[in-house]
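The structure under discussion appears below in the form of structure tokens.
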Amino acid sequence: MILDWFAVVPAFLVGVAVVFLPGLLALYGVGIRGLALVAYAPLFSIASTASIALVFGQLGVAWTPITWAIASVALIGVSWLCGRYIRMPEAAETFTGRRILLVGLGIGVVFSAWRLVAYMGDPSAISQTNDAVFHMNALRHILETGDASSLHVNSVIGGRTFYPAAWHGIASMIALSAGVDIPVAANVLTVVIGALIWPLGIAWLTRTAFGSNVVAAYAAILAGSLQAFPLLMFQWGVLFPNALSTSIVPAGIAAMITVARHFRVSRTMRDGVLLALITAVTAGAILLSQPAAFLLWASISIVWLTFFLVSREQAVRRGWAIGISAALWLGLGVVWWFLARGTSGSHWPPFRGKFEVLLDVLLNGQVRMPYAFVISALAIVGLIAAARMRATRWFAVAWGGVSFMYILVAAIGNEFVRESILGAWYADPYRIAAAAPLVVIPLAALGLDILLRFAARRSGRTADAPIIATVGVVFASVVMVLIILLRSVAMPAFLEGTYDRDSRYAAADDSYLNPDERALLEELPDLVDADARVLGNPSTGAGFGYFLSGIDVFPRTWSPPRNEVWEVIAERLHDAATDDAVCDALEVYGDPEYVLDFGQSEGGSGKFPAPGMTDFAGQAGFELVTREGDVSLWRITACDR
């Protein structure tokens with residue numbers, strides 16, 4: 001496995017370049033340096049890449065590495081021109097411990113990457129999940145059409161609505177630039193998200209909130225310690241867009257705090273413009289990745305701003321501060337309502353009792369994950385300390401807000417709550433649980449620092465001595481080693497109370513896409529005409545057919561059409577020679593010439609059995625084309641017209 005990942009290091013470097021290089025070059029031009037530069041760079045790159053794709057889609061410009069690079073250089077040039085008028089302020093604080101922060105970041109990147117790579121296994125593995133069908137097929141569609149626009153990516157399944165496609169634009173650009181297959185590009189981007197974007201953002205947010213490079217170093221090391229994020233987003237779903245959007249929230253919050261603090265002091269037009277631009281870039285990056293995370297970013301940012309304004313204004317002007325804060329909360333409420341009511345609503349019921357859900361948030365055992373006792377204990381210490389200090393009390397409130405969201409989704413069945421408050425996340429506890437590490441990891445890092453300083457004072461040592469920070473780095477690293485080696489990462493099924501037997505990237509005989517199915521699908525271009533349509537039950541591995549072959553294997557998503565015509569095909573296709581209604585139904589779907597027999601899918605959530613799309617042997621009107629193990633491809637001759 002390790003050698004396989006070493007083989008894709010060039011693709012990984014391309015992924016790092018796509019995600020970081022445009023932002024690094026552009027933000028350097030406006031004076032951003034150090035940790036802020038590398039942590040915020042992905043947000044600029046994501047916002048610019050997704051925006052370029054939108055413009056190209058409207059203008060009909062092909063989505064290629066050359067056109068993307070030209071447009072990116074143009075935006076970098078604009079950023080440098082803006083840098084002549086506005087400059088990012090230097091950090092007001094004088095941070096010590098930069099070397100320990102670099103060490104912490106390096107260790108954190110290794111541990112976070114290790115956990116993700118170990119779970120995925122092979123760099124060409126495919127997530128055996130429903131949502132992977134759409135995401136993989138969408139990437140194939142982008143490569144074939146040269147269009148990565150968020151307004152057009154849904155056309156892969158015949159849709160015409162907006163779909164946030166920042167992840168798809170970046171993944172497709174990695175595939176095009178590195179010349180690798182789609183699964184490799186997707187898995188490389190997974191490592192970039194979980195092992196680079198996330199630890200860097202968490203470290204910057206921690207330093208911004210608590211004013212310490214040492215605490216930030218601890219946070220970087222512990223960034224991958226909780227299963228809830230980033231790992232859970234690559235287990236459940238698979239939720240690639242949610243993973244991308246959540247990973248950039250910490251840096252988005254840190255950027256807002258940094259610029260707003262400076263603007264509060266300077267009150268100059270230039271810094272006001274900078275604040276507006278940072279807000280626009282952050283909002284654009286998140287909204288074009290997955291809009292639900294916008295609510296997380298905006299709410300925590302407004303929590304900080306409310307504390308900042310109200311606590312710092314003199315009594316005579318405090319009314320203005322309260323008014324501004326109230327207006328921001330009202331605006332967020334409107335946006336929240338719009339995003340919540342603009343989705344397909346609540347998909348999941350509550351599943352935890354009131355006492356159980358409190359233990360979940362205190363011990364970080366959301367969605368029935370095993371309790372994280374060490375990290376939770378550190379976080380509780382940090383939470384108490386943050387709540388007691390005026391400057392950091394806002395972070396304790398942010399933890400309370402994130403925890404309350406999970407309590408609502410896990411234990412409250414009220415229809416208004418699930419539709420109008422949780423609707424942006426489809427009332428999905430996995431997506432909401434993924435927000436917890438955003439506040440828990442910085443608090444755990446703060447708790448570790450407090451305990452080490454306390455121990456140092458009790459032993460008569462200087463609390464700020466470098467040896468204390470070194471002990472903290474070693475301790476955090478040992479915790480991560482033990483977590484990785486000993487802690488189960490099986491994906492919990494929260495409703496059933498069960499756990500996955502294996503990684504959802506592992507392909508076995510009973511997998512969603514088993515090895516025989518994948519082999520046959522990859523062979524399709526040699527078996528059928530390029531313009532042929534092939535039917536398949538998408539609740540089997542046939543849903544991946546278009547992405548693996550480039551052939552029009554229909555349907556292209558995990559959910560089949562929900563109408564009476566498709567029901568005829570799903571229930572009675574193998575009777576086509578004796579049932580005229582079947583041929584009429586096939587005509588509606590373009591008279592497909594072939595059908596895949598991948599067996600009968602199991603029932604359950606997100607699975608749609610199609611008994612008529614299997615067992616063609618001996619049936620009149622069907623000719624065997626090829627067989628691969630237990631799966632086969634058949635020519636439909638019953639309806640020859």
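Following the order of the structure tokens, chains are lettered A, B, ..., residues in each are numbered from 1, and ligands are numbered from 1.
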Selection: 7 Å around A:Trp80, only C-alpha atoms, excl. self and same-chain fewer than 2 positions, as a PDB file with N, CA, C and O atoms, in the first residue's frame:
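Below is the file that was written, out-v4.pdb:
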```
ATOM      1  N   ALA A  26      -1.289  35.122  -4.877  1.00  0.00           N
ATOM      2  CA  ALA A  26      -2.195  36.270  -4.820  1.00  0.00           C
ATOM      3  C   ALA A  26      -2.119  36.971  -3.466  1.00  0.00           C
ATOM      4  O   ALA A  26      -2.046  38.207  -3.395  1.00  0.00           O
ATOM      5  N   GLY A  29       0.812  39.153  -2.542  1.00  0.00           N
ATOM      6  CA  GLY A  29       0.755  40.488  -3.127  1.00  0.00           C
ATOM      7  C   GLY A  29       0.018  41.505  -2.284  1.00  0.00           C
ATOM      8  O   GLY A  29       0.175  42.717  -2.495  1.00  0.00           O
ATOM      9  N   VAL A  30      -0.822  41.048  -1.337  1.00  0.00           N
ATOM     10  CA  VAL A  30      -1.516  41.989  -0.451  1.00  0.00           C
ATOM     11  C   VAL A  30      -0.926  41.964   0.953  1.00  0.00           C
ATOM     12  O   VAL A  30      -1.552  42.423   1.910  1.00  0.00           O
ATOM     13  N   ILE A  76      -4.414  36.623  -9.994  1.00  0.00           N
ATOM     14  CA  ILE A  76      -3.250  36.940  -9.165  1.00  0.00           C
ATOM     15  C   ILE A  76      -2.769  38.356  -9.464  1.00  0.00           C
ATOM     16  O   ILE A  76      -2.423  39.125  -8.556  1.00  0.00           O
ATOM     17  N   GLY A  77      -2.775  38.711 -10.751  1.00  0.00           N
ATOM     18  CA  GLY A  77      -2.389  40.068 -11.130  1.00  0.00           C
ATOM     19  C   GLY A  77      -3.312  41.113 -10.533  1.00  0.00           C
ATOM     20  O   GLY A  77      -2.854  42.168 -10.051  1.00  0.00           O
ATOM     21  N   VAL A  78      -4.614  40.834 -10.542  1.00  0.00           N
ATOM     22  CA  VAL A  78      -5.575  41.757  -9.930  1.00  0.00           C
ATOM     23  C   VAL A  78      -5.293  41.902  -8.437  1.00  0.00           C
ATOM     24  O   VAL A  78      -5.354  43.004  -7.879  1.00  0.00           O
ATOM     25  N   CYS A  82      -4.428  45.255  -6.335  1.00  0.00           N
ATOM     26  CA  CYS A  82      -5.133  45.650  -5.116  1.00  0.00           C
ATOM     27  C   CYS A  82      -4.153  45.862  -3.969  1.00  0.00           C
ATOM     28  O   CYS A  82      -4.363  46.722  -3.104  1.00  0.00           O
ATOM     29  N   GLY A  83      -3.056  45.084  -3.985  1.00  0.00           N
ATOM     30  CA  GLY A  83      -2.069  45.194  -2.933  1.00  0.00           C
ATOM     31  C   GLY A  83      -1.364  46.537  -2.900  1.00  0.00           C
ATOM     32  O   GLY A  83      -0.752  46.893  -1.881  1.00  0.00           O
ATOM     33  N   ARG A  84      -1.455  47.294  -3.971  1.00  0.00           N
ATOM     34  CA  ARG A  84      -0.867  48.636  -3.979  1.00  0.00           C
ATOM     35  C   ARG A  84      -1.734  49.625  -3.207  1.00  0.00           C
ATOM     36  O   ARG A  84      -1.273  50.707  -2.828  1.00  0.00           O
TER      37      ARG A  84
END
```
Residues within 12 Å of A:Ile484, please, as an MDAnalysis selection string. Count only C-alpha atoms; anything in the same chain fewer than 4 positions from it doesn't count. chainID A and resid 110:119 222 224:227 231 477:480 488:489
Prev. selection, N, CA and C atoms, output as a PDB file, in the first residue's frame:
```
ATOM      1  N   VAL A 110       1.628  14.811   9.078  1.00  0.00           N
ATOM      2  CA  VAL A 110       1.961  13.388   8.939  1.00  0.00           C
ATOM      3  C   VAL A 110       0.881  12.518   9.578  1.00  0.00           C
ATOM      4  N   PHE A 111       0.478  12.854  10.796  1.00  0.00           N
ATOM      5  CA  PHE A 111      -0.529  12.041  11.481  1.00  0.00           C
ATOM      6  C   PHE A 111      -1.874  12.081  10.759  1.00  0.00           C
ATOM      7  N   SER A 112      -2.289  13.264  10.323  1.00  0.00           N
ATOM      8  CA  SER A 112      -3.578  13.382   9.632  1.00  0.00           C
ATOM      9  C   SER A 112      -3.556  12.614   8.320  1.00  0.00           C
ATOM     10  N   ALA A 113      -2.446  12.710   7.592  1.00  0.00           N
ATOM     11  CA  ALA A 113      -2.332  11.977   6.334  1.00  0.00           C
ATOM     12  C   ALA A 113      -2.312  10.475   6.584  1.00  0.00           C
ATOM     13  N   TRP A 114      -1.601  10.066   7.605  1.00  0.00           N
ATOM     14  CA  TRP A 114      -1.503   8.645   7.958  1.00  0.00           C
ATOM     15  C   TRP A 114      -2.885   8.053   8.201  1.00  0.00           C
ATOM     16  N   ARG A 115      -3.719   8.753   8.954  1.00  0.00           N
ATOM     17  CA  ARG A 115      -5.042   8.225   9.288  1.00  0.00           C
ATOM     18  C   ARG A 115      -5.913   8.085   8.038  1.00  0.00           C
ATOM     19  N   LEU A 116      -5.843   9.066   7.136  1.00  0.00           N
ATOM     20  CA  LEU A 116      -6.654   9.010   5.922  1.00  0.00           C
ATOM     21  C   LEU A 116      -6.148   7.947   4.955  1.00  0.00           C
ATOM     22  N   VAL A 117      -4.843   7.912   4.754  1.00  0.00           N
ATOM     23  CA  VAL A 117      -4.260   6.940   3.829  1.00  0.00           C
ATOM     24  C   VAL A 117      -4.513   5.516   4.309  1.00  0.00           C
ATOM     25  N   ALA A 118      -4.384   5.297   5.615  1.00  0.00           N
ATOM     26  CA  ALA A 118      -4.620   3.956   6.156  1.00  0.00           C
ATOM     27  C   ALA A 118      -6.065   3.534   5.940  1.00  0.00           C
ATOM     28  N   TYR A 119      -6.988   4.476   6.009  1.00  0.00           N
ATOM     29  CA  TYR A 119      -8.401   4.122   5.816  1.00  0.00           C
ATOM     30  C   TYR A 119      -8.707   3.844   4.352  1.00  0.00           C
ATOM     31  N   LEU A 222      -3.004  17.566  17.016  1.00  0.00           N
ATOM     32  CA  LEU A 222      -4.242  16.878  17.374  1.00  0.00           C
ATOM     33  C   LEU A 222      -5.347  17.050  16.333  1.00  0.00           C
ATOM     34  N   GLY A 224      -6.175  15.717  13.600  1.00  0.00           N
ATOM     35  CA  GLY A 224      -6.830  14.518  13.083  1.00  0.00           C
ATOM     36  C   GLY A 224      -7.221  13.522  14.145  1.00  0.00           C
ATOM     37  N   SER A 225      -7.295  13.966  15.396  1.00  0.00           N
ATOM     38  CA  SER A 225      -7.510  13.022  16.494  1.00  0.00           C
ATOM     39  C   SER A 225      -8.952  12.549  16.611  1.00  0.00           C
ATOM     40  N   LEU A 226      -9.908  13.365  16.184  1.00  0.00           N
ATOM     41  CA  LEU A 226     -11.316  13.006  16.308  1.00  0.00           C
ATOM     42  C   LEU A 226     -11.827  12.439  14.986  1.00  0.00           C
ATOM     43  N   GLN A 227     -12.547  11.347  15.075  1.00  0.00           N
ATOM     44  CA  GLN A 227     -13.086  10.709  13.873  1.00  0.00           C
ATOM     45  C   GLN A 227     -14.115  11.587  13.176  1.00  0.00           C
ATOM     46  N   LEU A 231     -12.132  12.460   9.031  1.00  0.00           N
ATOM     47  CA  LEU A 231     -12.333  11.095   8.553  1.00  0.00           C
ATOM     48  C   LEU A 231     -13.798  10.763   8.273  1.00  0.00           C
ATOM     49  N   SER A 477       1.882  14.013  20.429  1.00  0.00           N
ATOM     50  CA  SER A 477       2.278  13.039  19.410  1.00  0.00           C
ATOM     51  C   SER A 477       2.023  11.615  19.881  1.00  0.00           C
ATOM     52  N   VAL A 478       2.322  11.335  21.145  1.00  0.00           N
ATOM     53  CA  VAL A 478       2.063  10.003  21.688  1.00  0.00           C
ATOM     54  C   VAL A 478       0.567   9.710  21.675  1.00  0.00           C
ATOM     55  N   VAL A 479      -0.230  10.705  22.037  1.00  0.00           N
ATOM     56  CA  VAL A 479      -1.689  10.532  21.997  1.00  0.00           C
ATOM     57  C   VAL A 479      -2.135  10.169  20.583  1.00  0.00           C
ATOM     58  N   MET A 480      -1.579  10.854  19.592  1.00  0.00           N
ATOM     59  CA  MET A 480      -1.964  10.577  18.207  1.00  0.00           C
ATOM     60  C   MET A 480      -1.527   9.184  17.779  1.00  0.00           C
ATOM     61  N   SER A 488     -10.493   2.367  17.061  1.00  0.00           N
ATOM     62  CA  SER A 488     -11.242   1.917  15.887  1.00  0.00           C
ATOM     63  C   SER A 488     -11.751   3.112  15.101  1.00  0.00           C
ATOM     64  N   VAL A 489     -11.724   2.994  13.773  1.00  0.00           N
ATOM     65  CA  VAL A 489     -12.280   4.049  12.921  1.00  0.00           C
ATOM     66  C   VAL A 489     -13.438   3.501  12.087  1.00  0.00           C
TER      67      VAL A 489
END
```
Neighbouring residues of A:Phe622 were defined as those with any atom within 6 Å, considering only C-alpha atoms; residues of the same chain fewer than 4 positions away were excluded. Please report them as a PyMOL selection string. chain A and resi 635-637
Test item, helix (DSSP H, G or I) assignment across stretch 524-590 of chain A, answer as number ranges by chain: A: 524-526, 541-549, 564-575, 580-588
Can those selected residues be exported to a file as a CSV table (one decimal), in the first residue's frame so that it contains N, CA and C atoms?
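So selection01.csv came out as:
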```csv
chain,number,residue,atom,x,y,z
A,524,LEU,N,-16.1,-2.1,-20.9
A,524,LEU,CA,-17.2,-1.7,-21.8
A,524,LEU,C,-16.8,-1.0,-23.1
A,525,PRO,N,-15.9,-0.1,-23.1
A,525,PRO,CA,-15.5,0.6,-24.4
A,525,PRO,C,-15.1,-0.4,-25.5
A,526,ASP,N,-14.6,-1.6,-25.1
A,526,ASP,CA,-14.2,-2.6,-26.1
A,526,ASP,C,-15.4,-3.5,-26.5
A,541,GLY,N,-23.2,-2.0,-8.5
A,541,GLY,CA,-22.0,-1.2,-9.0
A,541,GLY,C,-22.2,-0.6,-10.4
A,542,ALA,N,-23.4,-0.9,-11.0
A,542,ALA,CA,-23.6,-0.4,-12.3
A,542,ALA,C,-23.7,1.2,-12.3
A,543,GLY,N,-24.0,1.7,-11.2
A,543,GLY,CA,-24.1,3.2,-11.1
A,543,GLY,C,-22.8,3.9,-11.4
A,544,PHE,N,-21.7,3.2,-11.2
A,544,PHE,CA,-20.3,3.7,-11.5
A,544,PHE,C,-20.0,3.6,-13.0
A,545,GLY,N,-20.8,3.0,-13.8
A,545,GLY,CA,-20.5,2.6,-15.1
A,545,GLY,C,-20.0,3.8,-16.0
A,546,TYR,N,-20.7,4.9,-16.0
A,546,TYR,CA,-20.3,6.0,-16.8
A,546,TYR,C,-18.9,6.5,-16.5
A,547,PHE,N,-18.6,6.7,-15.2
A,547,PHE,CA,-17.3,7.2,-14.8
A,547,PHE,C,-16.2,6.2,-15.1
A,548,LEU,N,-16.4,4.9,-15.0
A,548,LEU,CA,-15.4,4.0,-15.3
A,548,LEU,C,-15.1,3.7,-16.7
A,549,SER,N,-16.1,3.9,-17.6
A,549,SER,CA,-16.0,3.5,-19.0
A,549,SER,C,-16.2,4.7,-20.0
A,564,GLU,N,-43.5,5.7,-13.1
A,564,GLU,CA,-44.1,4.4,-13.5
A,564,GLU,C,-43.4,3.7,-14.6
A,565,VAL,N,-42.8,4.5,-15.5
A,565,VAL,CA,-42.1,4.0,-16.7
A,565,VAL,C,-40.9,3.2,-16.2
A,566,TRP,N,-40.1,3.8,-15.3
A,566,TRP,CA,-38.9,3.1,-14.8
A,566,TRP,C,-39.3,1.8,-14.0
A,567,GLU,N,-40.4,1.9,-13.3
A,567,GLU,CA,-40.9,0.8,-12.5
A,567,GLU,C,-41.1,-0.4,-13.4
A,568,VAL,N,-41.7,-0.2,-14.6
A,568,VAL,CA,-41.9,-1.3,-15.5
A,568,VAL,C,-40.6,-2.0,-15.9
A,569,ILE,N,-39.6,-1.1,-16.1
A,569,ILE,CA,-38.3,-1.7,-16.5
A,569,ILE,C,-37.7,-2.4,-15.3
A,570,ALA,N,-37.7,-1.8,-14.1
A,570,ALA,CA,-37.1,-2.4,-12.9
A,570,ALA,C,-37.8,-3.7,-12.5
A,571,GLU,N,-39.1,-3.8,-12.7
A,571,GLU,CA,-39.8,-5.0,-12.3
A,571,GLU,C,-39.9,-6.1,-13.4
A,572,ARG,N,-39.9,-5.7,-14.7
A,572,ARG,CA,-40.2,-6.7,-15.7
A,572,ARG,C,-39.3,-6.7,-16.9
A,573,LEU,N,-38.2,-6.1,-16.9
A,573,LEU,CA,-37.3,-6.0,-18.1
A,573,LEU,C,-37.0,-7.4,-18.6
A,574,HIS,N,-36.8,-8.4,-17.8
A,574,HIS,CA,-36.4,-9.7,-18.3
A,574,HIS,C,-37.6,-10.4,-19.0
A,575,ASP,N,-38.8,-9.8,-18.9
A,575,ASP,CA,-40.0,-10.3,-19.6
A,575,ASP,C,-40.3,-9.6,-20.9
A,580,ASP,N,-45.3,-6.2,-24.0
A,580,ASP,CA,-45.1,-5.1,-24.8
A,580,ASP,C,-44.9,-3.8,-24.0
A,581,ALA,N,-45.4,-3.7,-22.8
A,581,ALA,CA,-45.2,-2.5,-22.0
A,581,ALA,C,-43.7,-2.3,-21.7
A,582,VAL,N,-42.9,-3.3,-21.6
A,582,VAL,CA,-41.5,-3.2,-21.4
A,582,VAL,C,-40.8,-2.4,-22.5
A,583,CYS,N,-41.1,-2.9,-23.8
A,583,CYS,CA,-40.5,-2.2,-24.9
A,583,CYS,C,-40.9,-0.8,-25.0
A,584,ASP,N,-42.2,-0.5,-24.7
A,584,ASP,CA,-42.6,0.9,-24.7
A,584,ASP,C,-41.9,1.7,-23.6
A,585,ALA,N,-41.6,1.1,-22.5
A,585,ALA,CA,-40.9,1.8,-21.5
A,585,ALA,C,-39.4,2.1,-21.9
A,586,LEU,N,-38.8,1.1,-22.5
A,586,LEU,CA,-37.4,1.2,-23.0
A,586,LEU,C,-37.4,2.4,-24.1
A,587,GLU,N,-38.4,2.5,-24.9
A,587,GLU,CA,-38.4,3.6,-25.9
A,587,GLU,C,-38.3,4.9,-25.2
A,588,VAL,N,-39.0,5.1,-24.1
A,588,VAL,CA,-38.9,6.4,-23.4
A,588,VAL,C,-37.5,6.7,-23.0
```
Please extract the residues of stretch 407-590 of chain A with a backbone DSSP assignment of strand (DSSP E or B) and present them as a list in words. Pro492, Ala493, Thr498, Tyr499, Arg533, Val534, Leu535, Asp552, Val553 and Phe554 of chain A
